[in-house]
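For reference, query.cif (mmCIF, C-alpha atoms and all ligand atoms):
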```
data_protein
#
loop_
_atom_site.label_atom_id
_atom_site.label_comp_id
_atom_site.auth_asym_id
_atom_site.auth_seq_id
_atom_site.Cartn_x
_atom_site.Cartn_y
_atom_site.Cartn_z
CA MET A 1 88.76 99.70 130.66
CA ASN A 2 89.27 98.14 127.25
CA PRO A 3 89.65 94.36 127.86
CA ASN A 4 91.36 93.89 124.49
CA LEU A 5 94.43 95.99 125.30
CA LEU A 6 96.95 93.84 127.16
CA HIS A 7 98.73 96.80 128.74
CA ASN A 8 95.48 97.96 130.40
CA LEU A 9 94.95 94.70 132.25
CA THR A 10 96.03 93.58 135.69
CA TRP A 11 97.68 90.17 135.81
CA PRO A 12 94.62 88.36 137.22
CA ILE A 13 92.50 89.79 134.39
CA ALA A 14 95.27 89.08 131.87
CA LYS A 15 95.27 85.45 133.04
CA LYS A 16 91.56 85.20 132.25
CA ARG A 17 91.81 87.06 128.92
CA LEU A 18 94.78 84.95 127.79
CA SER A 19 92.70 81.83 128.37
CA GLU A 20 89.80 83.29 126.36
CA CYS A 21 91.75 84.81 123.46
CA ASP A 22 93.66 82.49 121.17
CA ILE A 23 95.15 85.21 118.98
CA ALA A 24 97.22 88.30 119.78
CA LEU A 25 97.91 91.29 117.57
CA LEU A 26 101.33 92.94 117.70
CA PRO A 27 101.47 96.36 116.01
CA VAL A 28 104.91 97.34 114.72
CA GLY A 29 105.81 100.59 112.99
CA SER A 30 108.54 103.16 112.62
CA THR A 31 109.50 106.68 113.63
CA GLU A 32 110.59 108.28 110.40
CA GLN A 33 109.99 111.20 108.09
CA HIS A 34 106.64 111.21 106.30
CA GLY A 35 106.92 114.35 104.22
CA PRO A 36 106.55 117.90 105.56
CA GLN A 37 102.90 117.33 106.50
CA ASN A 38 102.74 114.04 108.43
CA PRO A 39 103.97 113.16 111.93
CA LEU A 40 107.11 111.04 112.28
CA GLY A 41 104.98 108.47 114.10
CA THR A 42 102.69 107.89 111.10
CA ASP A 43 103.55 104.19 110.65
CA HIS A 44 103.27 103.17 114.27
CA LEU A 45 100.21 105.34 114.94
CA ILE A 46 98.34 103.76 112.01
CA ALA A 47 99.46 100.22 112.90
CA TYR A 48 98.28 100.68 116.47
CA ALA A 49 94.94 102.21 115.44
CA LEU A 50 94.24 99.27 113.11
CA ALA A 51 95.30 96.65 115.65
CA LYS A 52 93.34 98.25 118.49
CA GLU A 53 90.14 98.45 116.46
CA ALA A 54 90.51 94.93 115.05
CA ALA A 55 91.13 93.56 118.55
CA GLN A 56 87.85 95.05 119.69
CA ARG A 57 85.85 93.91 116.67
CA CYS A 58 87.25 90.36 116.72
CA ASP A 59 87.74 90.01 120.49
CA VAL A 60 91.44 89.24 120.48
CA LEU A 61 94.28 90.82 122.47
CA CYS A 62 96.24 93.82 121.21
CA LEU A 63 99.77 94.44 122.49
CA PRO A 64 101.43 97.84 122.86
CA VAL A 65 102.98 99.10 119.64
CA ILE A 66 106.69 98.77 118.83
CA PRO A 67 107.40 102.31 117.60
CA PHE A 68 110.84 101.89 116.00
CA GLY A 69 111.65 100.04 112.80
CA VAL A 70 114.17 99.60 110.02
CA SER A 71 114.27 103.13 108.62
CA SER A 72 117.92 103.99 108.02
CA HIS A 73 117.10 104.93 104.42
CA HIS A 74 115.20 107.94 105.82
CA ARG A 75 118.06 109.03 108.10
CA HIS A 76 118.87 112.18 106.11
CA PHE A 77 115.60 113.71 107.34
CA PRO A 78 115.55 115.09 110.91
CA GLY A 79 113.74 113.05 113.53
CA THR A 80 114.09 109.65 111.93
CA ILE A 81 114.98 107.08 114.59
CA SER A 82 115.96 103.69 113.24
CA VAL A 83 116.99 100.27 114.50
CA SER A 84 118.96 97.64 112.59
CA PRO A 85 117.19 94.59 111.12
CA SER A 86 119.00 92.34 113.65
CA SER A 87 117.81 94.50 116.58
CA LEU A 88 114.24 94.42 115.32
CA ARG A 89 114.45 90.66 114.78
CA SER A 90 115.69 89.93 118.28
CA TYR A 91 113.27 92.37 119.93
CA VAL A 92 110.25 90.97 118.10
CA ARG A 93 111.46 87.41 118.68
CA ASP A 94 111.61 88.03 122.44
CA VAL A 95 108.12 89.53 122.46
CA LEU A 96 106.76 86.54 120.52
CA LEU A 97 108.50 84.08 122.85
CA SER A 98 106.92 85.86 125.82
CA LEU A 99 103.54 85.40 124.16
CA TYR A 100 104.38 81.71 123.69
CA HIS A 101 105.07 81.43 127.43
CA ASN A 102 101.63 82.96 127.95
CA ASN A 103 100.13 80.17 125.82
CA ILE A 104 99.50 82.28 122.71
CA ARG A 105 100.25 80.26 119.58
CA LYS A 106 98.81 82.49 116.85
CA VAL A 107 99.92 86.07 116.33
CA VAL A 108 99.20 88.69 113.71
CA ILE A 109 101.88 91.34 113.35
CA VAL A 110 100.15 94.49 112.10
CA ASN A 111 103.10 96.06 110.32
CA GLY A 112 102.88 99.75 109.47
CA HIS A 113 106.26 100.05 107.75
CA GLY A 114 107.41 98.17 104.66
CA GLY A 115 111.09 98.41 105.65
CA ASN A 116 110.38 96.01 108.52
CA LEU A 117 109.02 93.22 106.36
CA TYR A 118 112.17 91.18 105.64
CA ALA A 119 113.21 91.18 109.31
CA LEU A 120 109.70 90.25 110.48
CA LEU A 121 109.38 87.44 107.96
CA GLU A 122 112.65 85.91 109.15
CA VAL A 123 111.40 85.81 112.73
CA ALA A 124 108.01 84.47 111.63
CA ARG A 125 109.73 81.61 109.78
CA GLU A 126 112.02 80.85 112.71
CA LEU A 127 109.09 80.58 115.12
CA ARG A 128 107.09 78.40 112.78
CA GLU A 129 110.02 76.05 112.20
CA SER A 130 110.63 75.82 115.95
CA ARG A 131 106.90 75.01 116.26
CA LYS A 132 106.28 77.66 118.85
CA VAL A 133 104.14 80.43 117.34
CA PHE A 134 102.47 80.85 113.97
CA VAL A 135 102.89 84.45 112.87
CA ALA A 136 101.02 86.15 110.02
CA ILE A 137 102.10 89.62 108.94
CA PHE A 138 99.45 92.10 107.80
CA GLN A 139 100.24 95.29 105.85
CA TRP A 140 97.29 97.64 105.26
CA TRP A 141 98.58 99.11 101.98
CA HIS A 142 98.72 95.66 100.43
CA ALA A 143 95.25 94.88 101.74
CA ILE A 144 93.80 97.82 99.77
CA LYS A 145 96.05 97.39 96.71
CA GLY A 146 94.47 98.50 93.43
CA LYS A 147 91.56 100.40 95.00
CA TYR A 148 93.18 103.84 94.57
CA PRO A 149 95.40 105.49 91.95
CA LEU A 150 99.00 104.28 92.09
CA GLU A 151 100.38 107.78 92.70
CA GLU A 152 98.35 108.02 95.94
CA GLU A 153 99.90 104.83 97.34
CA GLY A 154 103.49 106.07 97.76
CA HIS A 155 105.34 106.99 100.92
CA ALA A 156 103.64 109.95 102.68
CA ALA A 157 101.24 110.30 99.72
CA ALA A 158 97.45 110.63 99.79
CA LEU A 159 96.55 107.30 101.41
CA GLU A 160 98.86 107.65 104.41
CA THR A 161 98.00 111.34 104.74
CA SER A 162 94.27 110.52 104.56
CA LEU A 163 94.61 107.92 107.32
CA ASN A 164 96.37 110.50 109.48
CA LEU A 165 93.65 113.08 108.74
CA TYR A 166 90.98 110.58 109.79
CA LEU A 167 92.70 109.07 112.82
CA HIS A 168 94.57 112.04 114.31
CA GLY A 169 93.94 115.06 112.09
CA SER A 170 95.46 117.54 114.53
CA LEU A 171 98.90 116.00 113.83
CA VAL A 172 98.76 116.81 110.10
CA ASP A 173 100.18 120.14 108.95
CA ARG A 174 97.55 120.76 106.25
CA GLU A 175 99.32 123.86 104.91
CA ARG A 176 102.30 121.75 103.99
CA ILE A 177 100.64 118.87 102.15
CA THR A 178 102.97 118.35 99.21
CA ASP A 179 102.99 116.45 95.91
CA GLU A 180 106.30 115.22 94.55
CA VAL A 181 106.85 112.86 91.64
CA PRO A 182 109.76 110.68 92.74
CA SER A 183 112.83 110.84 90.49
CA GLU A 184 114.18 107.70 88.85
CA GLY A 185 117.09 107.48 91.30
CA PRO A 186 120.75 106.71 90.54
CA LEU A 187 120.15 103.66 88.33
CA GLY A 188 116.84 104.68 86.81
CA GLY A 189 115.98 103.08 83.49
CA VAL A 190 117.71 99.74 84.24
CA ASN A 191 115.38 96.83 84.96
CA GLY A 192 116.10 94.08 87.46
CA VAL A 193 118.39 96.00 89.82
CA TYR A 194 118.18 96.21 93.62
CA ILE A 195 120.35 98.72 95.46
CA PRO A 196 120.56 99.89 99.09
CA TRP A 197 118.58 102.98 98.16
CA GLU A 198 118.21 106.16 100.18
CA THR A 199 114.99 108.17 100.28
CA LYS A 200 116.94 111.29 99.30
CA ASP A 201 117.83 109.58 96.00
CA PHE A 202 114.19 109.94 94.95
CA THR A 203 112.56 112.86 96.77
CA LYS A 204 113.45 116.21 98.35
CA SER A 205 110.28 116.67 100.41
CA GLY A 206 110.09 113.04 101.55
CA VAL A 207 106.77 112.56 99.72
CA MET A 208 106.65 110.01 96.91
CA GLY A 209 103.53 110.71 94.88
CA VAL A 210 100.38 112.78 95.13
CA ALA A 211 99.31 113.80 98.63
CA THR A 212 97.06 116.84 98.01
CA THR A 213 94.07 114.59 97.23
CA ALA A 214 94.09 113.39 100.85
CA THR A 215 90.86 113.75 102.87
CA ALA A 216 89.64 112.44 106.20
CA ASP A 217 86.76 110.70 104.39
CA LYS A 218 89.21 108.83 102.19
CA GLY A 219 91.13 107.90 105.34
CA LYS A 220 87.99 106.44 106.91
CA GLU A 221 87.32 104.43 103.76
CA VAL A 222 90.91 103.10 103.63
CA PHE A 223 90.76 102.26 107.34
CA GLU A 224 87.53 100.29 106.95
CA ILE A 225 88.68 98.36 103.87
CA ALA A 226 91.94 97.43 105.60
CA LEU A 227 90.09 96.48 108.80
CA ASP A 228 87.76 94.17 106.89
CA GLN A 229 90.77 92.30 105.56
CA LEU A 230 92.46 92.21 108.95
CA CYS A 231 89.29 90.82 110.56
CA LEU A 232 89.01 88.27 107.74
CA LEU A 233 92.59 87.19 108.43
CA ILE A 234 91.85 86.82 112.16
CA ALA A 235 88.69 84.79 111.44
CA LYS A 236 90.57 82.45 109.08
CA LEU A 237 93.46 82.07 111.48
CA ARG A 238 91.08 81.26 114.31
CA GLU A 239 89.65 78.33 112.37
CA LEU A 240 92.94 76.80 111.31
CA PRO A 241 93.94 73.89 113.56
CA LEU A 242 97.30 74.45 115.28
CA LYS A 243 98.55 71.07 114.13
CA ASP A 244 98.30 72.25 110.50
CA LEU A 245 100.30 75.37 111.30
CA LEU A 246 102.97 74.20 113.71
CA GLU A 247 103.44 70.46 113.27
CA GLU A 248 105.61 68.63 110.81
CA GLY A 249 104.43 66.11 108.23
ZN ZN A 301 104.66 105.16 106.25
#
```

So that I can check it, write out the structure of this file as structure tokens.
Ligand SMILES: [Zn+2]
Amino acid sequence: MNPNLLHNLTWPIAKKRLSECDIALLPVGSTEQHGPQNPLGTDHLIAYALAKEAAQRCDVLCLPVIPFGVSSHHRHFPGTISVSPSSLRSYVRDVLLSLYHNNIRKVVIVNGHGGNLYALLEVARELRESRKVFVAIFQWWHAIKGKYPLEEEGHAAALETSLNLYLHGSLVDRERITDEVPSEGPLGGVNGVYIPWETKDFTKSGVMGVATTATADKGKEVFEIALDQLCLLIAKLRELPLKDLLEEG
């Protein structure tokens, strides 16, 4: 029995673990297309793998993963299941408030999907301003930024595919690993514009970048670099006094 996974515990053991662990990790992901080679669960599978391993290394609690996220921009690809930002906000808010009622005041959301970020940040702000829970959001691809070529960083490109090869290689359809340079999209060439973009505006396969350079070894390397940063975040958070995080003035 892994004492760091909340859903494995009985309530008497959870009572003890909640008194020992001051930080909880909440993995959040998506169920959306990740090119012809990667499983739809890529984002939540990676988020959970990172959170589970970090919980063990840093002795904190890991919650079950939230598998659905804000992915409507991928809806033209079969199998994408999305929730609205307001649904994600209220769901995550309720989970965090439950943690609060279990005396957890510091939470790291291990977010596997960039489309969730705005919604998660809003909830994090709300809970800090209400002085209930301090929430930090961790995104692995930002934690490793600059260590690999830019074209490997894109959606379903080499870094995500490598992580899948390392963590759950049997779910990757190796024959179908695809490279696709994303097009400029409908307003390409104009600087400073934000639009409600659709994935299909930029890519036919769902891949944005180079994926054929993916290897399980690269996945292991990416996983370890990201984990180091996640463990550093947990260590720093552990040392910060609650009054600095949640009190006014
Ligand atoms: Zn992804």

If I take CA of Ala51 in chain A and CA of Thr178 in chain A, how far is one from the other in Å, to one decimal?
28.3 Å

Please enclose the listed atoms of range 107-122 of chain A in an axis-aligned box, pad each side by 6 Å, and write out the centre and the three edge lengths in Å, rounded to one decimal, as lines of an AutoDock Vina configuration file.
```
center_x = 106.2
center_y = 93.0
center_z = 110.5
size_x = 26.0
size_y = 26.1
size_z = 23.7
```

Can you tell me which residues sit at most 8 Å away from ligand ZN 301 (chain A), counting all atoms listed in the file, written as a PyMOL selection string?
chain A and resi 30+32+34+42-43+112-114+155-156+160

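The closest residue to Ala216 in chain A, picked from A:His168, A:Arg176, A:His74, A:Arg57 and counting only C-alpha atoms, is A:His168.
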
Would you mind listing, for every residue of range 59-158 of chain A within 9 Å of range 191-214 of chain A, the two atoms forming the shortest contact and the distance between them in Å to one decimal, using all atoms listed in the file, sorted by chain and ascending residue number, as JSON lines?
```
{"residue": "A:Ser72", "atom": "CA", "partner": "A:Glu198", "partner_atom": "CA", "distance": 8.1}
{"residue": "A:His73", "atom": "CA", "partner": "A:Glu198", "partner_atom": "CA", "distance": 4.6}
{"residue": "A:His74", "atom": "CA", "partner": "A:Thr199", "partner_atom": "CA", "distance": 5.5}
{"residue": "A:Arg75", "atom": "CA", "partner": "A:Glu198", "partner_atom": "CA", "distance": 8.4}
{"residue": "A:His76", "atom": "CA", "partner": "A:Lys200", "partner_atom": "CA", "distance": 7.1}
{"residue": "A:Phe77", "atom": "CA", "partner": "A:Gly206", "partner_atom": "CA", "distance": 8.0}
{"residue": "A:Leu150", "atom": "CA", "partner": "A:Gly209", "partner_atom": "CA", "distance": 8.3}
{"residue": "A:Glu151", "atom": "CA", "partner": "A:Gly209", "partner_atom": "CA", "distance": 4.8}
{"residue": "A:Glu152", "atom": "CA", "partner": "A:Val210", "partner_atom": "CA", "distance": 5.2}
{"residue": "A:Glu153", "atom": "CA", "partner": "A:Gly209", "partner_atom": "CA", "distance": 7.3}
{"residue": "A:Gly154", "atom": "CA", "partner": "A:Met208", "partner_atom": "CA", "distance": 5.1}
{"residue": "A:His155", "atom": "CA", "partner": "A:Met208", "partner_atom": "CA", "distance": 5.2}
{"residue": "A:Ala156", "atom": "CA", "partner": "A:Val207", "partner_atom": "CA", "distance": 5.0}
{"residue": "A:Ala157", "atom": "CA", "partner": "A:Ala211", "partner_atom": "CA", "distance": 4.1}
{"residue": "A:Ala158", "atom": "CA", "partner": "A:Ala211", "partner_atom": "CA", "distance": 3.9}
```

Between A:Leu18, A:Leu245, A:Ile177, A:Leu233, single out the one closest to Ala54 in chain A, counting only C-alpha atoms.
A:Leu233

Contacts of Gly219 in chain A within 9 Å, all atoms listed in the file, excl. fewer than 2 positions in-chain, as a PDB file with C-alpha atoms, in the coordinates of the input:
```
ATOM      1  CA  ALA A 158      97.450 110.630  99.790  1.00  0.00           C
ATOM      2  CA  LEU A 159      96.550 107.300 101.410  1.00  0.00           C
ATOM      3  CA  GLU A 160      98.860 107.650 104.410  1.00  0.00           C
ATOM      4  CA  THR A 161      98.000 111.340 104.740  1.00  0.00           C
ATOM      5  CA  SER A 162      94.270 110.520 104.560  1.00  0.00           C
ATOM      6  CA  LEU A 163      94.610 107.920 107.320  1.00  0.00           C
ATOM      7  CA  ASN A 164      96.370 110.500 109.480  1.00  0.00           C
ATOM      8  CA  LEU A 165      93.650 113.080 108.740  1.00  0.00           C
ATOM      9  CA  TYR A 166      90.980 110.580 109.790  1.00  0.00           C
ATOM     10  CA  LEU A 167      92.700 109.070 112.820  1.00  0.00           C
ATOM     11  CA  ALA A 214      94.090 113.390 100.850  1.00  0.00           C
ATOM     12  CA  THR A 215      90.860 113.750 102.870  1.00  0.00           C
ATOM     13  CA  ALA A 216      89.640 112.440 106.200  1.00  0.00           C
ATOM     14  CA  ASP A 217      86.760 110.700 104.390  1.00  0.00           C
ATOM     15  CA  GLU A 221      87.320 104.430 103.760  1.00  0.00           C
ATOM     16  CA  VAL A 222      90.910 103.100 103.630  1.00  0.00           C
ATOM     17  CA  PHE A 223      90.760 102.260 107.340  1.00  0.00           C
ATOM     18  CA  GLU A 224      87.530 100.290 106.950  1.00  0.00           C
TER      19      GLU A 224
END
```

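Distances here use all atoms listed in the file; by that measure, the residue among A:Leu227, A:Cys58, A:Val70, A:Leu26 closest to Lys106 in chain A is A:Leu26.
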
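Rounded to one decimal, CA of Leu63 in chain A and CA of Val28 in chain A lie 9.8 Å from each other.
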
Minimum-distance residue to Lys52 in chain A, chosen among A:Arg93, A:Arg17, A:His101, A:His7 (using all atoms listed in the file)
A:His7

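Between CA of Val133 in chain A and CA of Ile104 in chain A the interatomic distance comes to 7.3 Å.
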
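The residue that comes closest to Lys147 in chain A, out of A:Ala226, A:Val108, A:Leu120, A:Leu171 and on the basis of only C-alpha atoms, is A:Ala226.
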
Taking all atoms listed in the file into account, which of A:Pro36, A:Gly29, A:Gly185, A:Pro3 comes nearest Val172 in chain A?
A:Pro36

Name all residues at most 12 Å from Ser19 in chain A (count all atoms listed in the file; drop same-chain ones fewer than 2 positions away) and give them as a list in words.
Pro12, Ile13, Ala14, Lys15, Lys16, Arg17, Cys21, Asp22, Ile23, Ala24, Val60, Leu61, Asn102, Asn103, Ile104 and Arg105 of chain A
